[in-house]
Amino acid sequence: MDKFLALPKEKQDSIIEAGYSCFAQMGYKKTSVADIAAKAKISKAMIFHYFGCKKNMYLHLVQCAFDEVDRWNEKYMPPDHADFFSRFITKVQRQSGMLQSHPALIAFLLSVRNENDAEVKNDIRQNLQSRKAYQRELQLFETDYDRFKDNVRPELVMDLLSNYIENIARRTALNQISDLDSIIKEVTACVEMLKRNLYKDSILANQEEEQDAADQKHI
């Protein structure tokens, strides 16, 4: 792996993107090292030279993809860090940016979730489980739960929205959605609708007053 990391970043990115694309399209078992080498325009021997075997490369790509997601998490921060729904709208904006900038990466991550090949399945499951716990902790960190009505369970709302957003990301990565801007507006409207129905009336009234005051400053 050290030999791969010693390559110029542009060369690393080319090989990584080739791996994302091939594994996303064909899955782990059907993707060969020769496929990735051809896509990256390097020799098959160089893939083995850098990674040792296909499994090592695959698991390295999984980690690279998660690291890139984390960088995007840091780039997009919600305006109201304590607001549960504001954070989800920011998540939609972040995923939209990633879909436009790194479509192969998103398609690869979606394929990873469904990968069942025995050679990598256990490694993936462990990685995804720890990742899911991290994402849940990140989403709920410093969130003000008191804004929800008393009979609402925030963790169920998070699962509902996460599954909804993931489905849209999957359809977009598979080119089943062409007008991404319209989808973003639709998701934002959905999130706002849930917010109006699941937050306490007093919280919504305070937020409306704060928004009106902010709007007045810009007049």
# chains A, B, ... in the order shown; residues from 1 in each chain; ligands from 1
$ residues_around --residues "Ala37 in chain A" --least-positions-apart "2" --cutoff "12 Å" --atoms "only C-alpha atoms" --output "ChimeraX atom specification"
/A:14-19,21-22,31-35,39-50,54,57
$ select_by_dssp --residues "range 56-219 of chain A" --states "alpha helix (DSSP H)" --output "ChimeraX atom specification"
/A:56-75,84-101,103-113,121-140,154-173,180-198,201-217
$ atom_distance --atom1 "CA of Arg94 in chain A" --atom2 "CA of Arg196 in chain A"
22.8 Å
$ closest_residue --among "A:Leu204, A:Glu142, A:Arg113, A:Glu74" --to "Gln129 in chain A" --atoms "only C-alpha atoms"
A:Arg113
$ closest_residue --among "A:Val157, A:Cys64, A:Ile203, A:Ile106" --to "Phe88 in chain A" --atoms "only C-alpha atoms"
A:Val157
$ residues_around --residues "range 143-156 of chain A" --least-positions-apart "2" --cutoff "10 Å" --atoms "only C-alpha atoms" --output "list in words"
Asp80, His81, Ala82, Asp83, Phe84, Phe85, Arg87, Arg136, Leu138, Gln139, Leu140, Phe141, Met158, Asp159, Leu160, Leu161, Ser162, Lys195, Asn197, Leu198, Tyr199, Lys200, Asp201, Ser202, Ile203 and Leu204 of chain A
$ decode --residues "range 14-90 of chain A" --atoms "C-alpha atoms" --output "short mmCIF file (atom, residue, chain, number, x, y, z; two decimals), in the first residue's frame"
data_model
loop_
_atom_site.label_atom_id
_atom_site.label_comp_id
_atom_site.auth_asym_id
_atom_site.auth_seq_id
_atom_site.Cartn_x
_atom_site.Cartn_y
_atom_site.Cartn_z
CA SER A 14 -7.18 8.07 -11.53
CA ILE A 15 -6.77 4.54 -10.17
CA ILE A 16 -9.29 5.11 -7.39
CA GLU A 17 -11.92 6.46 -9.80
CA ALA A 18 -11.37 3.46 -12.08
CA GLY A 19 -11.90 1.14 -9.13
CA TYR A 20 -15.06 2.97 -8.03
CA SER A 21 -16.51 2.76 -11.52
CA CYS A 22 -15.74 -0.93 -12.14
CA PHE A 23 -16.83 -2.21 -8.74
CA ALA A 24 -20.01 -0.09 -8.84
CA GLN A 25 -20.99 -1.44 -12.25
CA MET A 26 -20.05 -5.11 -11.86
CA GLY A 27 -19.74 -5.82 -8.15
CA TYR A 28 -16.76 -7.35 -6.38
CA LYS A 29 -16.87 -10.87 -7.83
CA LYS A 30 -17.33 -9.95 -11.48
CA THR A 31 -14.81 -7.13 -11.45
CA SER A 32 -11.32 -8.25 -12.39
CA VAL A 33 -8.02 -6.53 -11.77
CA ALA A 34 -7.66 -6.41 -15.56
CA ASP A 35 -10.92 -4.40 -15.78
CA ILE A 36 -9.65 -1.81 -13.33
CA ALA A 37 -6.21 -1.65 -14.95
CA ALA A 38 -7.76 -1.07 -18.38
CA LYS A 39 -10.02 1.66 -16.99
CA ALA A 40 -7.08 3.34 -15.25
CA LYS A 41 -4.85 2.85 -18.30
CA ILE A 42 -2.15 1.04 -16.38
CA SER A 43 -0.91 -2.55 -16.46
CA LYS A 44 -2.54 -5.32 -14.43
CA ALA A 45 0.81 -5.98 -12.79
CA MET A 46 0.87 -2.47 -11.35
CA ILE A 47 -2.42 -3.04 -9.51
CA PHE A 48 -0.87 -6.06 -7.79
CA HIS A 49 2.31 -4.07 -7.20
CA TYR A 50 0.37 -1.32 -5.41
CA PHE A 51 -2.23 -3.37 -3.51
CA GLY A 52 -1.12 -7.00 -3.47
CA CYS A 53 -4.56 -8.37 -4.32
CA LYS A 54 -8.05 -7.31 -5.40
CA LYS A 55 -9.46 -7.55 -1.87
CA ASN A 56 -6.88 -5.13 -0.48
CA MET A 57 -7.69 -2.67 -3.23
CA TYR A 58 -11.43 -2.97 -2.67
CA LEU A 59 -11.18 -2.36 1.08
CA HIS A 60 -8.84 0.57 0.47
CA LEU A 61 -11.42 2.09 -1.88
CA VAL A 62 -14.12 1.68 0.76
CA GLN A 63 -12.00 3.64 3.23
CA CYS A 64 -11.13 6.27 0.61
CA ALA A 65 -14.83 6.76 -0.13
CA PHE A 66 -15.71 7.18 3.55
CA ASP A 67 -12.83 9.63 4.01
CA GLU A 68 -14.16 11.72 1.12
CA VAL A 69 -17.64 11.71 2.65
CA ASP A 70 -16.14 12.97 5.91
CA ARG A 71 -14.43 15.83 4.07
CA TRP A 72 -17.78 16.83 2.59
CA ASN A 73 -19.35 16.61 6.06
CA GLU A 74 -16.85 19.20 7.26
CA LYS A 75 -17.46 21.39 4.22
CA TYR A 76 -21.24 21.63 4.69
CA MET A 77 -22.32 22.72 8.16
CA PRO A 78 -25.98 23.51 8.97
CA PRO A 79 -26.84 27.14 9.86
CA ASP A 80 -28.66 25.93 13.00
CA HIS A 81 -26.53 23.13 14.39
CA ALA A 82 -29.12 22.15 17.01
CA ASP A 83 -31.99 21.87 14.53
CA PHE A 84 -32.63 18.26 13.50
CA PHE A 85 -34.28 19.13 10.18
CA SER A 86 -31.82 21.85 9.25
CA ARG A 87 -29.10 19.23 9.49
CA PHE A 88 -30.97 16.92 7.13
CA ILE A 89 -31.47 19.67 4.56
CA THR A 90 -27.73 20.32 4.75
#
